[in-house]
>>> print(open('start_39.cif').read())   # mmCIF, C-alpha atoms
data_run
loop_
_atom_site.group_PDB
_atom_site.id
_atom_site.type_symbol
_atom_site.label_atom_id
_atom_site.label_comp_id
_atom_site.auth_asym_id
_atom_site.auth_seq_id
_atom_site.Cartn_x
_atom_site.Cartn_y
_atom_site.Cartn_z
ATOM 1 C CA MET W 1 0.000 0.000 0.000
ATOM 2 C CA ILE W 2 1.052 3.569 -0.635
ATOM 3 C CA ALA W 3 -0.050 6.402 1.633
ATOM 4 C CA PHE W 4 -1.121 9.796 0.314
ATOM 5 C CA TYR W 5 -1.989 12.983 2.158
ATOM 6 C CA SER W 6 -3.801 16.017 0.802
ATOM 7 C CA TYR W 7 -3.795 19.381 2.551
ATOM 8 C CA ALA W 8 -6.941 20.242 0.555
ATOM 9 C CA THR W 9 -8.992 17.408 2.050
ATOM 10 C CA GLY W 10 -7.085 16.752 5.273
ATOM 11 C CA VAL W 11 -7.243 13.043 4.469
ATOM 12 C CA SER W 12 -4.445 10.502 4.655
ATOM 13 C CA ILE W 13 -5.293 7.297 2.792
ATOM 14 C CA GLU W 14 -3.468 4.108 1.850
ATOM 15 C CA LEU W 15 -4.130 2.888 -1.691
ATOM 16 C CA PRO W 16 -2.898 -0.204 -3.542
ATOM 17 C CA VAL W 17 0.503 -0.063 -5.216
ATOM 18 C CA GLY W 18 0.028 1.468 -8.646
ATOM 19 C CA PHE W 19 -2.192 4.349 -7.563
ATOM 20 C CA GLU W 20 -0.770 7.819 -8.101
ATOM 21 C CA PHE W 21 -1.775 11.324 -7.121
ATOM 22 C CA ASN W 22 -3.626 12.791 -10.106
ATOM 23 C CA GLY W 23 -4.392 16.332 -8.938
ATOM 24 C CA GLU W 24 -6.297 18.444 -6.452
ATOM 25 C CA ASP W 25 -8.090 21.733 -6.039
ATOM 26 C CA GLU W 26 -9.261 23.556 -2.895
ATOM 27 C CA VAL W 27 -11.692 20.801 -1.868
ATOM 28 C CA CYS W 28 -10.876 17.688 -3.826
ATOM 29 C CA ALA W 29 -7.996 15.258 -4.355
ATOM 30 C CA THR W 30 -7.917 12.544 -7.011
ATOM 31 C CA TYR W 31 -5.832 9.386 -7.258
ATOM 32 C CA VAL W 32 -5.743 7.032 -10.246
ATOM 33 C CA ASP W 33 -4.429 3.516 -10.769
ATOM 34 C CA ARG W 34 -1.477 3.683 -13.144
ATOM 35 C CA ALA W 35 -0.356 0.111 -12.522
ATOM 36 C CA ASP W 36 -0.500 -0.676 -16.239
ATOM 37 C CA ASP W 37 1.369 2.544 -17.044
ATOM 38 C CA GLY W 38 -1.187 3.329 -19.719
ATOM 39 C CA PRO W 39 -3.137 6.527 -20.275
ATOM 40 C CA VAL W 40 -5.914 7.508 -17.861
ATOM 41 C CA THR W 41 -9.255 6.622 -19.449
ATOM 42 C CA ALA W 42 -12.870 6.311 -18.335
ATOM 43 C CA ALA W 43 -12.074 2.725 -17.342
ATOM 44 C CA THR W 44 -9.110 3.638 -15.135
ATOM 45 C CA PRO W 45 -9.716 2.885 -11.438
ATOM 46 C CA VAL W 46 -9.987 6.161 -9.562
ATOM 47 C CA VAL W 47 -10.430 7.396 -5.996
ATOM 48 C CA ARG W 48 -11.729 10.921 -5.479
ATOM 49 C CA ILE W 49 -11.969 12.544 -2.035
ATOM 50 C CA ARG W 50 -14.052 15.705 -1.758
ATOM 51 C CA VAL W 51 -14.922 18.070 1.071
ATOM 52 C CA VAL W 52 -18.663 18.509 0.516
ATOM 53 C CA GLY W 53 -19.177 21.092 3.254
ATOM 54 C CA GLU W 54 -19.383 21.897 6.935
ATOM 55 C CA ILE W 55 -21.811 20.078 9.216
ATOM 56 C CA GLU W 56 -23.864 21.939 11.792
ATOM 57 C CA ASP W 57 -23.616 20.727 15.368
ATOM 58 C CA GLY W 58 -25.435 17.470 15.918
ATOM 59 C CA GLY W 59 -26.462 17.004 12.291
ATOM 60 C CA GLY W 60 -23.738 14.611 11.271
ATOM 61 C CA ARG W 61 -25.728 11.397 11.053
ATOM 62 C CA ASP W 62 -28.506 13.004 9.010
ATOM 63 C CA VAL W 63 -26.258 14.616 6.407
ATOM 64 C CA VAL W 64 -24.178 11.458 6.092
ATOM 65 C CA ARG W 65 -27.363 9.450 5.537
ATOM 66 C CA ASP W 66 -28.659 11.997 2.993
ATOM 67 C CA LEU W 67 -25.415 11.945 1.019
ATOM 68 C CA ALA W 68 -25.413 8.136 1.091
ATOM 69 C CA ASP W 69 -29.018 8.168 -0.150
ATOM 70 C CA GLY W 70 -27.786 10.212 -3.090
ATOM 71 C CA PHE W 71 -25.179 7.571 -3.845
ATOM 72 C CA ALA W 72 -27.960 5.024 -4.190
ATOM 73 C CA ALA W 73 -29.422 6.952 -7.111
ATOM 74 C CA ALA W 74 -32.210 5.598 -9.286
ATOM 75 C CA ASP W 75 -29.978 4.770 -12.224
ATOM 76 C CA HIS W 76 -27.569 2.771 -10.032
ATOM 77 C CA GLN W 77 -27.980 -0.827 -9.032
ATOM 78 C CA THR W 78 -27.154 -0.862 -5.337
ATOM 79 C CA LEU W 79 -25.111 -3.898 -4.328
ATOM 80 C CA SER W 80 -24.600 -3.101 -0.644
ATOM 81 C CA ARG W 81 -24.897 -0.367 1.950
ATOM 82 C CA ARG W 82 -23.401 -0.318 5.422
ATOM 83 C CA ASP W 83 -22.624 1.957 8.332
ATOM 84 C CA ARG W 84 -19.022 2.001 9.501
ATOM 85 C CA GLU W 85 -16.484 3.972 11.495
ATOM 86 C CA ILE W 86 -13.499 5.625 9.869
ATOM 87 C CA ASP W 87 -10.867 6.974 12.237
ATOM 88 C CA GLU W 88 -13.548 7.154 14.939
ATOM 89 C CA CYS W 89 -15.943 9.052 12.630
ATOM 90 C CA HIS W 90 -19.365 7.885 11.463
ATOM 91 C CA ALA W 91 -19.609 6.898 7.799
ATOM 92 C CA VAL W 92 -21.840 5.057 5.337
ATOM 93 C CA THR W 93 -20.543 3.129 2.312
ATOM 94 C CA VAL W 94 -22.731 2.347 -0.687
ATOM 95 C CA VAL W 95 -21.524 -0.032 -3.403
ATOM 96 C CA SER W 96 -23.368 0.115 -6.693
ATOM 97 C CA GLU W 97 -23.054 -0.504 -10.412
ATOM 98 C CA GLN W 98 -23.763 1.976 -13.154
ATOM 99 C CA ALA W 99 -23.088 1.648 -16.863
ATOM 100 C CA GLY W 100 -20.496 -1.079 -16.407
ATOM 101 C CA ARG W 101 -18.643 0.760 -13.615
ATOM 102 C CA VAL W 102 -18.548 -0.399 -10.017
ATOM 103 C CA LEU W 103 -18.853 2.524 -7.596
ATOM 104 C CA HIS W 104 -17.665 2.325 -3.972
ATOM 105 C CA GLN W 105 -18.979 5.528 -2.393
ATOM 106 C CA THR W 106 -18.565 6.648 1.196
ATOM 107 C CA ALA W 107 -20.037 9.582 3.080
ATOM 108 C CA VAL W 108 -18.387 10.531 6.348
ATOM 109 C CA ASP W 109 -18.741 13.090 9.113
ATOM 110 C CA ALA W 110 -15.074 13.930 9.589
ATOM 111 C CA ASP W 111 -15.139 15.963 12.789
ATOM 112 C CA GLY W 112 -17.687 18.453 11.475
ATOM 113 C CA ARG W 113 -16.839 18.251 7.800
ATOM 114 C CA LEU W 114 -18.886 16.208 5.348
ATOM 115 C CA LEU W 115 -16.628 14.284 2.996
ATOM 116 C CA SER W 116 -17.303 11.962 0.104
ATOM 117 C CA ILE W 117 -14.830 9.302 -0.944
ATOM 118 C CA ILE W 118 -15.803 7.905 -4.320
ATOM 119 C CA ALA W 119 -13.890 5.020 -5.824
ATOM 120 C CA ALA W 120 -14.705 3.580 -9.227
ATOM 121 C CA ALA W 121 -13.416 0.633 -11.230
ATOM 122 C CA PRO W 122 -14.536 -1.422 -14.218
ATOM 123 C CA SER W 123 -15.066 -4.570 -12.122
ATOM 124 C CA GLN W 124 -15.657 -5.718 -8.557
ATOM 125 C CA ASP W 125 -12.080 -6.996 -8.253
ATOM 126 C CA LEU W 126 -10.906 -3.857 -6.468
ATOM 127 C CA LEU W 127 -13.760 -3.714 -3.941
ATOM 128 C CA PRO W 128 -11.752 -5.371 -1.123
ATOM 129 C CA SER W 129 -8.917 -2.907 -1.794
ATOM 130 C CA PHE W 130 -11.323 0.029 -1.748
ATOM 131 C CA ASP W 131 -12.745 -1.196 1.562
ATOM 132 C CA ALA W 132 -9.245 -1.494 3.019
ATOM 133 C CA ALA W 133 -8.418 1.982 1.725
ATOM 134 C CA ILE W 134 -11.440 3.426 3.512
ATOM 135 C CA ASP W 135 -10.420 1.694 6.739
ATOM 136 C CA SER W 136 -6.916 3.154 6.390
ATOM 137 C CA ILE W 137 -8.136 6.749 6.320
ATOM 138 C CA ARG W 138 -6.965 9.212 8.950
ATOM 139 C CA PHE W 139 -8.407 12.708 9.207
ATOM 140 C CA ILE W 140 -5.515 15.046 9.782
ATOM 141 C CA ALA W 141 -5.965 18.775 10.164
ATOM 142 C CA LEU W 142 -2.616 20.522 9.752
ATOM 143 C CA MET I 1 -5.866 -10.450 27.598
ATOM 144 C CA SER I 2 -8.254 -7.658 26.659
ATOM 145 C CA GLU I 3 -8.236 -6.325 23.117
ATOM 146 C CA VAL I 4 -6.287 -3.091 22.670
ATOM 147 C CA LYS I 5 -8.226 -0.174 21.186
ATOM 148 C CA TRP I 6 -6.283 2.271 19.068
ATOM 149 C CA THR I 7 -6.568 5.936 18.262
ATOM 150 C CA SER I 8 -4.878 8.278 15.792
ATOM 151 C CA LEU I 9 -2.303 10.814 16.860
ATOM 152 C CA VAL I 10 -0.807 13.666 14.859
ATOM 153 C CA ASN I 11 2.167 15.860 15.604
ATOM 154 C CA ALA I 12 2.120 18.818 13.235
ATOM 155 C CA ASP I 13 5.625 19.977 14.162
ATOM 156 C CA LEU I 14 7.185 16.643 13.312
ATOM 157 C CA LEU I 15 4.721 16.021 10.434
ATOM 158 C CA LEU I 16 3.960 12.570 11.808
ATOM 159 C CA SER I 17 0.714 10.630 11.963
ATOM 160 C CA LEU I 18 0.576 7.400 13.936
ATOM 161 C CA ARG I 19 -1.713 5.099 15.874
ATOM 162 C CA VAL I 20 -1.328 4.548 19.603
ATOM 163 C CA PRO I 21 -3.271 2.497 22.144
ATOM 164 C CA LEU I 22 -6.262 4.433 23.418
ATOM 165 C CA GLY I 23 -5.529 6.034 26.776
ATOM 166 C CA TRP I 24 -1.770 6.386 26.421
ATOM 167 C CA GLU I 25 -0.497 9.778 27.561
ATOM 168 C CA VAL I 26 1.124 12.155 25.109
ATOM 169 C CA GLN I 27 3.878 14.446 26.302
ATOM 170 C CA VAL I 28 5.197 17.047 23.862
ATOM 171 C CA VAL I 29 8.728 17.929 24.877
ATOM 172 C CA ASP I 30 9.447 20.605 22.270
ATOM 173 C CA GLU I 31 8.971 21.199 18.543
ATOM 174 C CA LEU I 32 11.354 18.354 17.721
ATOM 175 C CA ARG I 33 10.254 15.634 20.097
ATOM 176 C CA PHE I 34 7.323 14.021 21.855
ATOM 177 C CA ARG I 35 6.689 10.835 23.791
ATOM 178 C CA VAL I 36 3.711 8.582 24.460
ATOM 179 C CA PHE I 37 3.416 6.701 27.763
ATOM 180 C CA ARG I 38 1.468 3.612 28.748
ATOM 181 C CA ASP I 39 -1.107 4.535 31.341
ATOM 182 C CA PRO I 40 -1.348 3.371 34.092
ATOM 183 C CA ALA I 41 2.281 2.862 35.047
ATOM 184 C CA ASP I 42 3.662 -0.548 35.927
ATOM 185 C CA ALA I 43 5.121 -1.552 39.271
ATOM 186 C CA GLY I 44 7.645 0.913 40.610
ATOM 187 C CA ASP I 45 5.962 3.702 38.634
ATOM 188 C CA TYR I 46 7.798 2.655 35.464
ATOM 189 C CA GLN I 47 5.864 3.653 32.356
ATOM 190 C CA ALA I 48 6.548 1.877 29.092
ATOM 191 C CA SER I 49 6.891 4.568 26.468
ATOM 192 C CA VAL I 50 7.743 5.424 22.899
ATOM 193 C CA GLY I 51 9.622 8.587 21.972
ATOM 194 C CA PHE I 52 9.826 10.366 18.645
ATOM 195 C CA VAL I 53 12.596 12.769 17.707
ATOM 196 C CA LEU I 54 12.995 14.643 14.437
ATOM 197 C CA GLY I 55 16.493 15.132 13.124
ATOM 198 C CA GLU I 56 18.446 15.590 9.938
ATOM 199 C CA PRO I 57 20.660 12.901 8.389
ATOM 200 C CA GLU I 58 24.357 13.680 8.643
ATOM 201 C CA GLU I 59 24.735 13.240 4.889
ATOM 202 C CA PRO I 60 22.268 13.340 1.996
ATOM 203 C CA GLY I 61 21.256 10.176 0.166
ATOM 204 C CA ALA I 62 20.007 6.694 0.991
ATOM 205 C CA ASP I 63 23.536 5.267 0.793
ATOM 206 C CA TRP I 64 24.486 7.135 3.944
ATOM 207 C CA PHE I 65 21.417 5.693 5.728
ATOM 208 C CA ARG I 66 22.433 2.158 4.725
ATOM 209 C CA ARG I 67 25.952 2.683 6.065
ATOM 210 C CA PHE I 68 24.580 4.280 9.224
ATOM 211 C CA CYS I 69 22.252 1.331 9.888
ATOM 212 C CA ARG I 70 25.001 -1.240 9.400
ATOM 213 C CA ALA I 71 27.009 0.413 12.168
ATOM 214 C CA VAL I 72 24.154 0.804 14.654
ATOM 215 C CA PRO I 73 24.134 -2.641 16.359
ATOM 216 C CA ASP I 74 27.860 -2.585 17.139
ATOM 217 C CA GLU I 75 27.718 0.987 18.374
ATOM 218 C CA LEU I 76 24.838 0.191 20.695
ATOM 219 C CA ALA I 77 26.588 -2.937 21.988
ATOM 220 C CA SER I 78 29.749 -0.992 22.759
ATOM 221 C CA SER I 79 28.025 1.930 24.448
ATOM 222 C CA ALA I 80 25.304 0.275 26.540
ATOM 223 C CA GLU I 81 25.710 -1.697 29.750
ATOM 224 C CA GLU I 82 24.713 -5.381 29.796
ATOM 225 C CA TYR I 83 23.397 -5.110 26.290
ATOM 226 C CA GLU I 84 21.843 -8.115 24.531
ATOM 227 C CA LEU I 85 20.829 -7.767 20.897
ATOM 228 C CA ILE I 86 17.561 -9.559 20.084
ATOM 229 C CA ASP I 87 17.211 -8.825 16.378
ATOM 230 C CA THR I 88 17.226 -6.167 13.681
ATOM 231 C CA GLU I 89 14.719 -5.523 10.937
ATOM 232 C CA GLU I 90 14.384 -3.330 7.866
ATOM 233 C CA PHE I 91 11.136 -2.390 6.184
ATOM 234 C CA VAL I 92 9.455 0.444 4.317
ATOM 235 C CA LEU I 93 6.447 2.406 5.574
ATOM 236 C CA SER I 94 3.454 3.087 3.347
ATOM 237 C CA THR I 95 4.682 6.649 2.908
ATOM 238 C CA GLY I 96 7.948 5.314 1.477
ATOM 239 C CA ALA I 97 10.096 6.079 4.512
ATOM 240 C CA LYS I 98 12.766 3.451 5.204
ATOM 241 C CA VAL I 99 12.936 1.937 8.691
ATOM 242 C CA PHE I 100 15.780 0.207 10.483
ATOM 243 C CA ALA I 101 14.747 -1.248 13.840
ATOM 244 C CA VAL I 102 16.879 -2.809 16.578
ATOM 245 C CA ARG I 103 15.386 -4.752 19.461
ATOM 246 C CA ALA I 104 17.551 -5.382 22.484
ATOM 247 C CA ARG I 105 17.671 -5.913 26.229
ATOM 248 C CA GLN I 106 19.666 -3.761 28.576
ATOM 249 C CA HIS I 107 20.377 -3.661 32.293
ATOM 250 C CA ALA I 108 22.229 -0.534 33.320
ATOM 251 C CA THR I 109 23.610 -0.217 36.849
ATOM 252 C CA GLY I 110 21.023 1.161 39.236
ATOM 253 C CA ALA I 111 18.204 0.866 36.694
ATOM 254 C CA PRO I 112 15.631 -1.856 36.122
ATOM 255 C CA ALA I 113 16.215 -4.415 33.388
ATOM 256 C CA THR I 114 14.510 -3.160 30.258
ATOM 257 C CA SER I 115 13.654 -4.296 26.751
ATOM 258 C CA GLN I 116 13.963 -1.724 24.044
ATOM 259 C CA SER I 117 13.108 -1.097 20.437
ATOM 260 C CA LEU I 118 15.134 1.571 18.704
ATOM 261 C CA ALA I 119 14.192 2.543 15.167
ATOM 262 C CA TYR I 120 15.533 5.017 12.638
ATOM 263 C CA VAL I 121 12.994 6.272 10.107
ATOM 264 C CA TRP I 122 14.612 7.828 7.051
ATOM 265 C CA ALA I 123 12.104 9.993 5.195
ATOM 266 C CA ASN I 124 14.548 11.724 2.869
ATOM 267 C CA SER I 125 17.926 13.459 2.861
ATOM 268 C CA TYR I 126 16.558 16.199 5.120
ATOM 269 C CA ARG I 127 14.289 14.362 7.547
ATOM 270 C CA MET I 128 14.998 11.391 9.792
ATOM 271 C CA TYR I 129 13.224 10.287 12.941
ATOM 272 C CA VAL I 130 14.490 8.320 15.912
ATOM 273 C CA VAL I 131 11.793 6.218 17.559
ATOM 274 C CA ASP I 132 12.872 4.704 20.865
ATOM 275 C CA ALA I 133 10.608 2.464 22.901
ATOM 276 C CA SER I 134 11.269 0.938 26.271
ATOM 277 C CA THR I 135 9.514 -1.321 28.746
ATOM 278 C CA LEU I 136 10.397 -3.398 31.784
ATOM 279 C CA ARG I 137 11.938 -6.747 30.826
ATOM 280 C CA GLU I 138 9.022 -8.667 32.351
ATOM 281 C CA HIS I 139 6.601 -6.824 30.038
ATOM 282 C CA GLU I 140 8.547 -7.432 26.828
ATOM 283 C CA ARG I 141 5.985 -9.919 25.470
ATOM 284 C CA ARG I 142 3.146 -7.542 26.288
ATOM 285 C CA ASP I 143 4.676 -4.371 24.881
ATOM 286 C CA PHE I 144 6.905 -5.365 21.944
ATOM 287 C CA PRO I 145 3.891 -6.139 19.729
ATOM 288 C CA LEU I 146 2.444 -2.723 20.631
ATOM 289 C CA PHE I 147 5.748 -0.989 19.895
ATOM 290 C CA ASP I 148 5.872 -2.761 16.539
ATOM 291 C CA GLN I 149 2.322 -1.735 15.646
ATOM 292 C CA ILE I 150 3.006 1.878 16.614
ATOM 293 C CA LEU I 151 6.163 1.924 14.510
ATOM 294 C CA ARG I 152 4.462 0.404 11.462
ATOM 295 C CA SER I 153 1.525 2.814 11.767
ATOM 296 C CA ILE I 154 3.741 5.850 11.205
ATOM 297 C CA ARG I 155 2.927 8.024 8.213
ATOM 298 C CA VAL I 156 5.431 10.743 7.428
ATOM 299 C CA LEU I 157 3.371 13.660 6.150
ATOM 300 C CA PRO I 158 4.554 15.953 3.373
ATOM 301 C CA PRO I 159 5.388 19.573 4.166
ATOM 302 C CA ARG I 160 2.941 22.165 2.845
ATOM 303 C CA THR I 161 4.168 23.503 -0.489
#
>>> encode(input="start_39.cif", output="structure tokens")
Amino acid sequence: MIAFYSYATGVSIELPVGFEFNGEDEVCATYVDRADDGPVTAATPVVRIRVVGEIEDGGGRDVVRDLADGFAAADHQTLSRRDREIDECHAVTVVSEQAGRVLHQTAVDADGRLLSIIAAAPSQDLLPSFDAAIDSIRFIAL
Amino acid sequence: MSEVKWTSLVNADLLLSLRVPLGWEVQVVDELRFRVFRDPADAGDYQASVGFVLGEPEEPGADWFRRFCRAVPDELASSAEEYELIDTEEFVLSTGAKVFAVRARQHATGAPATSQSLAYVWANSYRMYVVDASTLREHERRDFPLFDQILRSIRVLPPRT
């Protein structure tokens, strides 16, 4: 595993060997799998971490649930949904399929910030790795 | 034995993230060093602990770190009282930092017999950390696995650019 940290998101995450930092802006960091050394295409496995916004006191569970509901959109086939803890923060992960892509999407209340972590791949092979990556996350405010 | 719960710890001065057993005390010494202590203390008020110190390699380049590590066991054996080397280990952290760890037992005059883990974490030519852990000899089996987990949990964070 390779660890990445983004000052934009305040997230440290471990991803499988082959993933590389692909860019960031003020609220989002993206990592792509370059294991095959080929060009980045629509089929390239990707992990995107985004700061969605601030959470008002006490509203964490509701906004996490609402964002997770959005992940389970009508045009997706939901494969699983589960509550979890990431670095002692409440989160919900929804796994779905859409147009031949497998989406592993997580909403989390990261100490008052709502974050989404969206991983996508062309098959379910990377799902265990995506789950491990989510468990590896640390929220680090520097 | 009860299961150990873990929590994340960050030191922004040292740019280190790590995991430590829940409930351990953190003592920041200065902007270059901090230490975490098992709580409660063992008999005789001895607290097993792990210290972290930020330094700079004497020379740039990974070759210097390799040479440095090769010399460490002999230097420790010649400078410490009643020193018994257990083993050494090299591995790489998920952030790419190279680690050289030495586990040993020591019994200095007037001090309790201890078991220690000393590790050097080479991040790059400008940043190196010394991680020293110590516990009473009778708690070696209890604490060495914790020391190892703490060491392997380290993530060296990048400086803000």
>>> atom_distance(input="start_39.cif", atom1="atom CA of Pro45 of chain W", atom2="atom CA of Ser80 of chain W")
19.3 Å
>>> interface_residues(input="start_39.cif", of="chain I", to="chain W", cutoff="8 Å", atoms="all atoms listed in the file", output="short mmCIF file (atom, residue, chain, number, x, y, z; two decimals) with C-alpha atoms, keeping the file's coordinate frame")
data_model
loop_
_atom_site.label_atom_id
_atom_site.label_comp_id
_atom_site.auth_asym_id
_atom_site.auth_seq_id
_atom_site.Cartn_x
_atom_site.Cartn_y
_atom_site.Cartn_z
CA THR I 7 -6.57 5.94 18.26
CA SER I 8 -4.88 8.28 15.79
CA VAL I 10 -0.81 13.67 14.86
CA ALA I 12 2.12 18.82 13.24
CA SER I 17 0.71 10.63 11.96
CA SER I 94 3.45 3.09 3.35
CA THR I 95 4.68 6.65 2.91
CA GLY I 96 7.95 5.31 1.48
CA ARG I 155 2.93 8.02 8.21
CA LEU I 157 3.37 13.66 6.15
CA PRO I 158 4.55 15.95 3.37
CA ARG I 160 2.94 22.16 2.84
#
>>> residues_around(input="start_39.cif", residues="Glu56 of chain W", least_positions_apart="4", cutoff="10 Å", atoms="only C-alpha atoms", output="JSON, numbers by chain")
{"W": [60, 63, 112, 113, 114]}
>>> write_last_selection(input="start_39.cif", atoms="C-alpha atoms", output="JSON list (two decimals), in the frame of the given file")
[["chain", "number", "residue", "atom", "x", "y", "z"],
["W", 60, "GLY", "CA", -23.74, 14.61, 11.27],
["W", 63, "VAL", "CA", -26.26, 14.62, 6.41],
["W", 112, "GLY", "CA", -17.69, 18.45, 11.48],
["W", 113, "ARG", "CA", -16.84, 18.25, 7.80],
["W", 114, "LEU", "CA", -18.89, 16.21, 5.35]]
>>> resolve_selection(input="start_39.cif", expression="the PyMOL selection byres ((chain I and resi 139) around 12)", output="PyMOL selection string")
chain I and resi 38+41-43+46-49+105+112-116+134-138+140-147
>>> resolve_selection(input="start_39.cif", expression="the PyMOL selection byres ((chain W and resi 33-35) around 8)", output="list of chain:residue names")
W:Val17, W:Gly18, W:Phe19, W:Glu20, W:Tyr31, W:Val32, W:Asp36, W:Asp37, W:Gly38, W:Pro39, W:Val40, W:Thr44, W:Pro45, W:Val46
>>> write_last_selection(input="start_39.cif", atoms="C-alpha atoms", output="mmCIF file, keeping the file's coordinate frame")
data_model
loop_
_atom_site.group_PDB
_atom_site.id
_atom_site.type_symbol
_atom_site.label_atom_id
_atom_site.label_comp_id
_atom_site.auth_asym_id
_atom_site.auth_seq_id
_atom_site.Cartn_x
_atom_site.Cartn_y
_atom_site.Cartn_z
ATOM 1 C CA VAL W 17 0.503 -0.063 -5.216
ATOM 2 C CA GLY W 18 0.028 1.468 -8.646
ATOM 3 C CA PHE W 19 -2.192 4.349 -7.563
ATOM 4 C CA GLU W 20 -0.770 7.819 -8.101
ATOM 5 C CA TYR W 31 -5.832 9.386 -7.258
ATOM 6 C CA VAL W 32 -5.743 7.032 -10.246
ATOM 7 C CA ASP W 36 -0.500 -0.676 -16.239
ATOM 8 C CA ASP W 37 1.369 2.544 -17.044
ATOM 9 C CA GLY W 38 -1.187 3.329 -19.719
ATOM 10 C CA PRO W 39 -3.137 6.527 -20.275
ATOM 11 C CA VAL W 40 -5.914 7.508 -17.861
ATOM 12 C CA THR W 44 -9.110 3.638 -15.135
ATOM 13 C CA PRO W 45 -9.716 2.885 -11.438
ATOM 14 C CA VAL W 46 -9.987 6.161 -9.562
#
>>> resolve_selection(input="start_39.cif", expression="the PyMOL selection byres ((chain I and resi 101) around 9)", output="VMD selection string")
chain I and resid 69 87 to 91 99 to 100 102 to 103 117 to 121 131
>>> write_last_selection(input="start_39.cif", atoms="C-alpha atoms", output="tab-separated table (two decimals), keeping the file's coordinate frame")
chain	number	residue	atom	x	y	z
I	69	CYS	CA	22.25	1.33	9.89
I	87	ASP	CA	17.21	-8.82	16.38
I	88	THR	CA	17.23	-6.17	13.68
I	89	GLU	CA	14.72	-5.52	10.94
I	90	GLU	CA	14.38	-3.33	7.87
I	91	PHE	CA	11.14	-2.39	6.18
I	99	VAL	CA	12.94	1.94	8.69
I	100	PHE	CA	15.78	0.21	10.48
I	102	VAL	CA	16.88	-2.81	16.58
I	103	ARG	CA	15.39	-4.75	19.46
I	117	SER	CA	13.11	-1.10	20.44
I	118	LEU	CA	15.13	1.57	18.70
I	119	ALA	CA	14.19	2.54	15.17
I	120	TYR	CA	15.53	5.02	12.64
I	121	VAL	CA	12.99	6.27	10.11
I	131	VAL	CA	11.79	6.22	17.56
>>> closest_residue(input="start_39.cif", among="W:Val27, W:Ala68, W:Ala133, W:Ala99", to="Ile86 of chain W", atoms="only C-alpha atoms")
W:Ala133
>>> atom_distance(input="start_39.cif", atom1="atom CA of Tyr126 of chain I", atom2="atom CA of Val53 of chain I")
13.6 Å
>>> residues_around(input="start_39.cif", residues="Val102 of chain W", least_positions_apart="3", cutoff="6 Å", atoms="all atoms listed in the file", output="compact mmCIF listing (two decimals) with C-alpha atoms, in the coordinates of the input")
# COMPACT_ATOMS: atom_id res chain seq x y z
CA SER W 96 -23.37 0.12 -6.69
CA GLU W 97 -23.05 -0.50 -10.41
CA ALA W 120 -14.70 3.58 -9.23
CA ALA W 121 -13.42 0.63 -11.23
CA PRO W 122 -14.54 -1.42 -14.22
CA SER W 123 -15.07 -4.57 -12.12
>>> atom_distance(input="start_39.cif", atom1="atom CA of Ala8 of chain W", atom2="atom CA of Asp109 of chain W")
16.2 Å
>>> residues_near_point(input="start_39.cif", point="(-3.1, 4.5, 26.2)", cutoff="9 Å", atoms="all atoms listed in the file", output="list in words")
Val4, Lys5, Trp6, Thr7, Val20, Pro21, Leu22, Gly23, Trp24, Glu25, Val26, Val36, Phe37, Arg38, Asp39 and Pro40 of chain I
>>> axis_aligned_box(input="start_39.cif", around="segment 147-155 of chain I", padding_each_side="3 Å", output="JSON")
{"center_x": 3.8, "center_y": 2.6, "center_z": 14.1, "size_x": 10.6, "size_y": 16.8, "size_z": 17.7}
>>> residues_around(input="start_39.cif", residues="Asp63 of chain I", least_positions_apart="4", cutoff="12 Å", atoms="all atoms listed in the file", output="short mmCIF file (atom, residue, chain, number, x, y, z; two decimals) with C-alpha atoms, in the coordinates of the input")
data_model
loop_
_atom_site.label_atom_id
_atom_site.label_comp_id
_atom_site.auth_asym_id
_atom_site.auth_seq_id
_atom_site.Cartn_x
_atom_site.Cartn_y
_atom_site.Cartn_z
CA PRO I 57 20.66 12.90 8.39
CA GLU I 58 24.36 13.68 8.64
CA GLU I 59 24.74 13.24 4.89
CA ARG I 67 25.95 2.68 6.06
CA PHE I 68 24.58 4.28 9.22
CA CYS I 69 22.25 1.33 9.89
CA ARG I 70 25.00 -1.24 9.40
CA LYS I 98 12.77 3.45 5.20
CA TRP I 122 14.61 7.83 7.05
CA ASN I 124 14.55 11.72 2.87
CA SER I 125 17.93 13.46 2.86
#
>>> residues_around(input="start_39.cif", residues="Val47 of chain W", least_positions_apart="4", cutoff="6 Å", atoms="all atoms listed in the file", output="PyMOL selection string")
chain W and resi 30-31+118-119
>>> closest_residue(input="start_39.cif", among="I:Val156, I:Gly55, I:Gln106, I:Leu14", to="Ala77 of chain I", atoms="only C-alpha atoms")
I:Gln106
